[in-house]
Every structure is written in structure tokens, then in C-alpha cells.
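Down below is the structure, laid out as C-alpha cells.
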Amino acid sequence: MCSTPKIGLALGGGVVRGFAHLGVLEVLEAEGLQIDFVGGTSVGSIMGYCYAAGMEIGHMKEMAEELGWWKLARPIVPRQAFISFDLLEEYLIRTLGDLHFEDLARPLVIMATDVQTGESVPLTSGRVAPAVCASCSVPGFVQPKLVNGRYLVDGGISCNVPIDPVRGLGADYVIGVDIFEQGEHKRLGPLGVGITALEIMVRRSGNGLSHAECIIKPNLQHATYVNFNKRHELMNHGRTAAQASLPEIRAELAALA
């Protein structure tokens with residue numbers, strides 16, 4: 001039994017579907033839940049960083065309105081990848097400052113993957129903006145990020161919903177947010193089957209979904225991964241899923257208290 005259970009929030013990867021995280025955060029804040037620890041992978045690392053830095057949900061929603069690929073990515077000579085996320089790093093520094101993990105209002109862990117060894121790499125110290133860029137860098141499309149002497153890429157390859165890393169920060173009760181629900185891509189024929197298989201592999205990477213006390217899973221089976229114009233629809237999916245999970249969260253936290 002734990003008199004004051006520490007709550008962790010693990011925000012999964014899913015590209016533009018990450019706007020659903022804002023809807024989830026809005027509901028959890030309105031419920032009065034005190035989130036003590038935060039973890040994020042890929043787009044979840046962006047949302048997790050803003051939240052862990054103390055940015056208010058209203059400000060995060062304002063930031064979401066101005067985001068687009070043109071603000072985050074720039075084309076590069078295609079040696080290792082087609083684009084770099086240097087613009088994303090610059091944007092985060094302009095918006096939040098060049099913060100270190102130690103500066104944050106809440107402890108944060110960001111997940112990346114070592115592209116040379118395949119290891120899952122939890123980042124909890126040093127500068128945050130480069131760690132976020134590393135966590136978002138889909139290999140083959142986005143240039144790997146050199147962090148602490150390692151070439152790092154998207155954390156979704158090795159740990160898409162970082163339940164255990166958040167528990168490692170000290171959480172007693174971890175809420176995971178899964179935005180990588182696989183869909184059926186029948187119109188694409190054999191390619192569609194391959195895309196579905198890839199979605200399943202990424203979604204289950206790191207085995208985090210089986211370790212959370214609660215998984216909030218917005219209905220995103222047919223949602224976009226790339227269209228920023230769907231931000232409001234995605235936020236609504238997050239709100240709906242979080243509202244549906246509140247009775248479970250309330251009951252389980254009461255049992256821990």
C-alpha cells in the first residue's frame with residue numbers, strides 16, 4: 001500500500017497523432033491528477049518535454065496551432081536521410097529555452113534508439129532539445145542525432161510507450177497513452193499488409209503496453225500520421241479516450257492510497 005501514490009505518464013510515439021496527447025493531458029489536469037513523472041517517445045517526447053517543463057495546457061494548445069512540417073524539418077542531401085530536425089531543435093530552444101533535464105519542473109525520461117547497436121536508450125540528463133530530436137528521428141527519413149557520443153534515432157523502434165522507464169523514475173502508478181493503433185490498409189494490397197505489420201511491431205516495441213496500470217488508447221485506427229490540419233480531431237480523440245479511462249484510474253488510485 002502507498003499513502004500518496006506517485007503517478008507517471010508515458011506518452012507514446014505516433015507522429016502527428018501526438019496531438020491526441022494534448023486531449024489526454026487536458027482531461028487529466030481537469031480531473032486534478034498530479035503527474036509526478038513523465039516519459040515520452042518520438043512525438044510523445046515533444047509533448048512530454050513541454051509538460052515536464054511546466055508549460056500550461058492552454059499554452060501547449062496555442063503552440064500546436066502554429067506547428068507544421070515547415071517549422072520542424074528541412075531537406076538535406078540524402079546521404080543518411082532526406083530531412084533533418086535541426087529546425088525542431090531550434091524551435092524548442094526558442095520556445096522553452098535551452099533547458100537541461102535537471103531544469104525541468106517534473107522528472108522526464110526520453111526514449112531513443114542507438115542506430116548502431118539497436119539498444120533502447122533512456123535519456124534523463126544533459127540538454128533536452130537534442131534528446132527530443134533524437135527520439136523523433138525516424139531512421140531512413142530523418143538524420144540520426146549525435147547525443148553523448150552515440151548516433152540515436154526514433155525511440156519507437158525499441159520502446160514506443162515507455163512504461164518501465166517512467167516507473168524507473170519512481171512512479172507507483174503509470175498511465176500509458178498509446179496512439180499507434182494499427183489500421184487496415186486494404187486498398188494498398190500487399191503493401192497495406194506490410195504497413196499494418198510495421199504498425200504492430202512499433203506499437204508493441206519495448207513491451208510497455210503489458211506493464212502499465214492503465215493504458216489510454218484513443219480511437220486512431222484510421223487517423224492520419226502526417227496531416228497537421230487534423231489536430232483538433234486528434235485532440236478530441238484523446239479527450240474521449242481519457243474521459244473513458246477516468247473511472248478505472250480513480251478506482252485504482254483509491255485502492256493504492
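Ligands are numbered from 1 in the order shown, residues from 1 within each chain, and chains are lettered A, B, ... in the order they appear in the C-alpha cells.
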Residues within 9 Å of Thr124 of chain A, only C-alpha atoms, excluding chain neighbours under 4 positions, as an MDAnalysis selection string: chainID A and resid 101:102 107:110 128 131
Secondary structure check, strand (DSSP E) residues of segment 25-214 of chain A, as a ChimeraX atom specification: /A:35-41,74-75,83-84,108-114,120-123,145-147,150-154,173-177,214
Considering only C-alpha atoms, give me a table of residues in segment 1-114 of chain A that are at most 10 Å from segment 151-168 of chain A, with the closest atom pair and distance in Å for each, as JSON lines.
{"residue": "A:Lys6", "atom": "CA", "partner": "A:Arg167", "partner_atom": "CA", "distance": 9.5}
{"residue": "A:Ile7", "atom": "CA", "partner": "A:Arg167", "partner_atom": "CA", "distance": 9.0}
{"residue": "A:Gly8", "atom": "CA", "partner": "A:Val166", "partner_atom": "CA", "distance": 6.1}
{"residue": "A:Leu9", "atom": "CA", "partner": "A:Val166", "partner_atom": "CA", "distance": 7.2}
{"residue": "A:Ala10", "atom": "CA", "partner": "A:Pro162", "partner_atom": "CA", "distance": 5.5}
{"residue": "A:Leu11", "atom": "CA", "partner": "A:Val161", "partner_atom": "CA", "distance": 6.1}
{"residue": "A:Gly12", "atom": "CA", "partner": "A:Val161", "partner_atom": "CA", "distance": 4.3}
{"residue": "A:Gly13", "atom": "CA", "partner": "A:Asn160", "partner_atom": "CA", "distance": 5.7}
{"residue": "A:Gly14", "atom": "CA", "partner": "A:Gly156", "partner_atom": "CA", "distance": 8.4}
{"residue": "A:Asp36", "atom": "CA", "partner": "A:Val166", "partner_atom": "CA", "distance": 9.9}
{"residue": "A:Phe37", "atom": "CA", "partner": "A:Val166", "partner_atom": "CA", "distance": 6.5}
{"residue": "A:Val38", "atom": "CA", "partner": "A:Val166", "partner_atom": "CA", "distance": 6.4}
{"residue": "A:Gly39", "atom": "CA", "partner": "A:Val166", "partner_atom": "CA", "distance": 5.6}
{"residue": "A:Gly40", "atom": "CA", "partner": "A:Pro162", "partner_atom": "CA", "distance": 6.6}
{"residue": "A:Thr41", "atom": "CA", "partner": "A:Gly155", "partner_atom": "CA", "distance": 5.5}
{"residue": "A:Ser42", "atom": "CA", "partner": "A:Asp154", "partner_atom": "CA", "distance": 6.0}
{"residue": "A:Val43", "atom": "CA", "partner": "A:Asp154", "partner_atom": "CA", "distance": 9.5}
{"residue": "A:Gly44", "atom": "CA", "partner": "A:Val161", "partner_atom": "CA", "distance": 8.6}
{"residue": "A:Ser45", "atom": "CA", "partner": "A:Gly155", "partner_atom": "CA", "distance": 9.3}
{"residue": "A:Pro107", "atom": "CA", "partner": "A:Val166", "partner_atom": "CA", "distance": 9.0}
{"residue": "A:Leu108", "atom": "CA", "partner": "A:Val166", "partner_atom": "CA", "distance": 7.9}
{"residue": "A:Val109", "atom": "CA", "partner": "A:Val166", "partner_atom": "CA", "distance": 6.7}
{"residue": "A:Ile110", "atom": "CA", "partner": "A:Gly155", "partner_atom": "CA", "distance": 8.1}
{"residue": "A:Met111", "atom": "CA", "partner": "A:Gly155", "partner_atom": "CA", "distance": 4.8}
{"residue": "A:Ala112", "atom": "CA", "partner": "A:Gly155", "partner_atom": "CA", "distance": 3.6}
{"residue": "A:Thr113", "atom": "CA", "partner": "A:Gly155", "partner_atom": "CA", "distance": 5.0}
{"residue": "A:Asp114", "atom": "CA", "partner": "A:Leu152", "partner_atom": "CA", "distance": 4.6}
Pick from A:Gly149, A:Pro130, A:Pro78, A:Gly238 nearest to Leu220 of chain A, counting only C-alpha atoms: A:Gly238
Non-local contacts of Leu33 of chain A (12 Å; only C-alpha atoms; under 5 positions in same chain excluded) as a PyMOL selection string: chain A and resi 4-9+24-28+173+175+246+249-250+253
Writer output for current selection, N, CA, C and O atoms, as a PDB file, in the first residue's frame:
ATOM      1  N   THR A   4       0.569   7.985  -0.610  1.00  0.00           N
ATOM      2  CA  THR A   4       0.461   9.004  -1.645  1.00  0.00           C
ATOM      3  C   THR A   4       1.101   8.468  -2.923  1.00  0.00           C
ATOM      4  O   THR A   4       2.284   8.708  -3.171  1.00  0.00           O
ATOM      5  N   PRO A   5       0.355   7.715  -3.714  1.00  0.00           N
ATOM      6  CA  PRO A   5       0.940   7.111  -4.912  1.00  0.00           C
ATOM      7  C   PRO A   5       1.476   8.155  -5.873  1.00  0.00           C
ATOM      8  O   PRO A   5       0.832   9.164  -6.145  1.00  0.00           O
ATOM      9  N   LYS A   6       2.676   7.919  -6.347  1.00  0.00           N
ATOM     10  CA  LYS A   6       3.298   8.786  -7.333  1.00  0.00           C
ATOM     11  C   LYS A   6       2.845   8.336  -8.719  1.00  0.00           C
ATOM     12  O   LYS A   6       2.958   7.164  -9.070  1.00  0.00           O
ATOM     13  N   ILE A   7       2.355   9.291  -9.515  1.00  0.00           N
ATOM     14  CA  ILE A   7       1.771   8.966 -10.813  1.00  0.00           C
ATOM     15  C   ILE A   7       2.745   9.316 -11.928  1.00  0.00           C
ATOM     16  O   ILE A   7       3.314  10.421 -11.962  1.00  0.00           O
ATOM     17  N   GLY A   8       2.935   8.374 -12.827  1.00  0.00           N
ATOM     18  CA  GLY A   8       3.749   8.605 -14.008  1.00  0.00           C
ATOM     19  C   GLY A   8       2.892   8.585 -15.262  1.00  0.00           C
ATOM     20  O   GLY A   8       1.862   7.905 -15.307  1.00  0.00           O
ATOM     21  N   LEU A   9       3.318   9.316 -16.264  1.00  0.00           N
ATOM     22  CA  LEU A   9       2.609   9.385 -17.535  1.00  0.00           C
ATOM     23  C   LEU A   9       3.591   9.090 -18.656  1.00  0.00           C
ATOM     24  O   LEU A   9       4.617   9.765 -18.793  1.00  0.00           O
ATOM     25  N   VAL A  24      -5.615  14.203 -23.909  1.00  0.00           N
ATOM     26  CA  VAL A  24      -5.448  13.394 -22.697  1.00  0.00           C
ATOM     27  C   VAL A  24      -4.986  14.263 -21.533  1.00  0.00           C
ATOM     28  O   VAL A  24      -5.536  14.212 -20.425  1.00  0.00           O
ATOM     29  N   LEU A  25      -3.961  15.066 -21.769  1.00  0.00           N
ATOM     30  CA  LEU A  25      -3.422  15.924 -20.707  1.00  0.00           C
ATOM     31  C   LEU A  25      -4.485  16.896 -20.191  1.00  0.00           C
ATOM     32  O   LEU A  25      -4.579  17.148 -18.984  1.00  0.00           O
ATOM     33  N   GLU A  26      -5.292  17.421 -21.096  1.00  0.00           N
ATOM     34  CA  GLU A  26      -6.344  18.357 -20.700  1.00  0.00           C
ATOM     35  C   GLU A  26      -7.320  17.700 -19.733  1.00  0.00           C
ATOM     36  O   GLU A  26      -7.693  18.280 -18.711  1.00  0.00           O
ATOM     37  N   VAL A  27      -7.721  16.454 -20.022  1.00  0.00           N
ATOM     38  CA  VAL A  27      -8.669  15.740 -19.163  1.00  0.00           C
ATOM     39  C   VAL A  27      -8.032  15.390 -17.820  1.00  0.00           C
ATOM     40  O   VAL A  27      -8.643  15.560 -16.756  1.00  0.00           O
ATOM     41  N   LEU A  28      -6.804  14.903 -17.822  1.00  0.00           N
ATOM     42  CA  LEU A  28      -6.141  14.526 -16.571  1.00  0.00           C
ATOM     43  C   LEU A  28      -5.941  15.747 -15.668  1.00  0.00           C
ATOM     44  O   LEU A  28      -6.094  15.648 -14.447  1.00  0.00           O
ATOM     45  N   TYR A 173       2.307   4.338 -10.038  1.00  0.00           N
ATOM     46  CA  TYR A 173       1.161   4.066 -10.921  1.00  0.00           C
ATOM     47  C   TYR A 173       1.442   4.768 -12.240  1.00  0.00           C
ATOM     48  O   TYR A 173       1.626   5.982 -12.296  1.00  0.00           O
ATOM     49  N   ILE A 175       0.373   5.602 -16.136  1.00  0.00           N
ATOM     50  CA  ILE A 175      -0.637   5.701 -17.189  1.00  0.00           C
ATOM     51  C   ILE A 175       0.098   5.807 -18.524  1.00  0.00           C
ATOM     52  O   ILE A 175       0.908   6.713 -18.730  1.00  0.00           O
ATOM     53  N   LEU A 246     -11.126   7.460 -16.923  1.00  0.00           N
ATOM     54  CA  LEU A 246     -11.107   8.065 -15.594  1.00  0.00           C
ATOM     55  C   LEU A 246     -11.669   7.173 -14.493  1.00  0.00           C
ATOM     56  O   LEU A 246     -11.083   7.096 -13.402  1.00  0.00           O
ATOM     57  N   ILE A 249      -8.979   4.770 -13.490  1.00  0.00           N
ATOM     58  CA  ILE A 249      -7.870   5.451 -12.817  1.00  0.00           C
ATOM     59  C   ILE A 249      -8.259   5.833 -11.393  1.00  0.00           C
ATOM     60  O   ILE A 249      -7.490   5.610 -10.449  1.00  0.00           O
ATOM     61  N   ARG A 250      -9.451   6.396 -11.232  1.00  0.00           N
ATOM     62  CA  ARG A 250      -9.909   6.775  -9.884  1.00  0.00           C
ATOM     63  C   ARG A 250      -9.930   5.581  -8.942  1.00  0.00           C
ATOM     64  O   ARG A 250      -9.457   5.657  -7.802  1.00  0.00           O
ATOM     65  N   LEU A 253      -6.315   4.233  -8.123  1.00  0.00           N
ATOM     66  CA  LEU A 253      -5.567   5.127  -7.244  1.00  0.00           C
ATOM     67  C   LEU A 253      -6.137   5.109  -5.831  1.00  0.00           C
ATOM     68  O   LEU A 253      -5.392   5.172  -4.848  1.00  0.00           O
TER      69      LEU A 253
END
Excluding same-chain residues fewer than 4 positions from Val142 of chain A, what lies within 10 Å of it counting only C-alpha atoms, as a PDB file with C-alpha atoms, in the first residue's frame?
ATOM      1  CA  ALA A  73      12.069  19.792 -40.777  1.00  0.00           C
ATOM      2  CA  ARG A  74      14.370  20.856 -43.592  1.00  0.00           C
ATOM      3  CA  PRO A  75      15.559  18.818 -46.599  1.00  0.00           C
ATOM      4  CA  ILE A  76      19.185  17.715 -46.655  1.00  0.00           C
ATOM      5  CA  PRO A  78      20.261  12.367 -48.928  1.00  0.00           C
ATOM      6  CA  GLN A  80      21.838   9.100 -44.253  1.00  0.00           C
ATOM      7  CA  ALA A  81      18.341  10.566 -44.571  1.00  0.00           C
ATOM      8  CA  PHE A  82      16.181  13.005 -46.513  1.00  0.00           C
ATOM      9  CA  ILE A  83      15.479  15.593 -43.805  1.00  0.00           C
ATOM     10  CA  SER A  84      16.964  16.912 -40.575  1.00  0.00           C
ATOM     11  CA  PHE A  85      15.141  18.030 -37.433  1.00  0.00           C
ATOM     12  CA  CYS A 133      15.161  15.430 -31.809  1.00  0.00           C
ATOM     13  CA  ALA A 134      16.878  12.069 -31.463  1.00  0.00           C
ATOM     14  CA  CYS A 136      11.765  11.783 -33.206  1.00  0.00           C
ATOM     15  CA  SER A 137      14.302  10.841 -35.904  1.00  0.00           C
ATOM     16  CA  VAL A 138      12.687   8.076 -37.956  1.00  0.00           C
ATOM     17  CA  VAL A 153      17.163   7.609 -33.783  1.00  0.00           C
ATOM     18  CA  ASP A 154      13.464   7.217 -33.052  1.00  0.00           C
TER      19      ASP A 154
END
Helix (DSSP H, G or I) positions in segment 57-198 of chain A, given as a PyMOL selection string: chain A and resi 57-66+69-72+86-96+101-103+128-136+155-157+163-169+186-188+190-198
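The coordinates place atom CA of Cys214 of chain A at 9.0 Å from atom CA of Glu252 of chain A.
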Counting only C-alpha atoms, the residue of A:Gly208, A:Gly48, A:Gly97, A:Gly18 that sits nearest Thr224 of chain A: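 Checking each of A:Gly208, A:Gly48, A:Gly97, A:Gly18 against Thr224 of chain A, counting only C-alpha atoms, the winner is A:Gly18.
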12 Å contact set for Met55 of chain A, only C-alpha atoms, chain neighbours under 5 positions out, as a VMD selection string: chain A and resid 22 25 46 to 50 60 to 63 95 to 97 104 to 106
Deliver the residues from the most recent selection as a file, using N, CA and C atoms, as a CSV table (one decimal), in the first residue's frame.
chain,number,residue,atom,x,y,z
A,22,LEU,N,-2.5,15.9,-26.2
A,22,LEU,CA,-3.0,17.2,-25.6
A,22,LEU,C,-4.4,17.0,-25.0
A,25,LEU,N,-4.0,15.1,-21.8
A,25,LEU,CA,-3.4,15.9,-20.7
A,25,LEU,C,-4.5,16.9,-20.2
A,46,ILE,N,8.1,15.3,-27.4
A,46,ILE,CA,7.8,16.7,-27.6
A,46,ILE,C,6.8,17.2,-26.6
A,47,MET,N,5.6,16.5,-26.5
A,47,MET,CA,4.6,16.8,-25.6
A,47,MET,C,5.0,16.6,-24.2
A,48,GLY,N,5.8,15.6,-23.9
A,48,GLY,CA,6.3,15.3,-22.6
A,48,GLY,C,7.2,16.4,-22.1
A,49,TYR,N,8.1,16.8,-23.0
A,49,TYR,CA,9.1,17.9,-22.7
A,49,TYR,C,8.3,19.2,-22.3
A,50,CYS,N,7.4,19.6,-23.1
A,50,CYS,CA,6.6,20.8,-22.8
A,50,CYS,C,5.9,20.7,-21.4
A,60,MET,N,0.3,25.0,-24.5
A,60,MET,CA,0.6,23.9,-25.4
A,60,MET,C,-0.3,23.8,-26.6
A,61,LYS,N,-1.6,24.1,-26.3
A,61,LYS,CA,-2.6,24.1,-27.4
A,61,LYS,C,-2.3,25.2,-28.4
A,62,GLU,N,-1.9,26.4,-27.9
A,62,GLU,CA,-1.6,27.5,-28.7
A,62,GLU,C,-0.4,27.2,-29.6
A,63,MET,N,0.6,26.5,-29.0
A,63,MET,CA,1.8,26.1,-29.7
A,63,MET,C,1.4,25.1,-30.8
A,95,THR,N,11.3,28.3,-27.8
A,95,THR,CA,10.0,28.3,-27.1
A,95,THR,C,10.2,28.0,-25.6
A,96,LEU,N,11.1,27.2,-25.3
A,96,LEU,CA,11.3,26.8,-23.9
A,96,LEU,C,12.6,27.2,-23.2
A,97,GLY,N,13.6,27.6,-24.1
A,97,GLY,CA,14.9,27.8,-23.6
A,97,GLY,C,15.8,26.5,-23.8
A,104,LEU,N,13.9,20.9,-15.3
A,104,LEU,CA,12.5,20.7,-15.5
A,104,LEU,C,11.7,20.7,-14.2
A,105,ALA,N,10.4,21.0,-14.3
A,105,ALA,CA,9.5,21.0,-13.2
A,105,ALA,C,9.2,19.6,-12.8
A,106,ARG,N,9.2,18.7,-13.7
A,106,ARG,CA,8.9,17.3,-13.4
A,106,ARG,C,10.0,16.4,-14.0
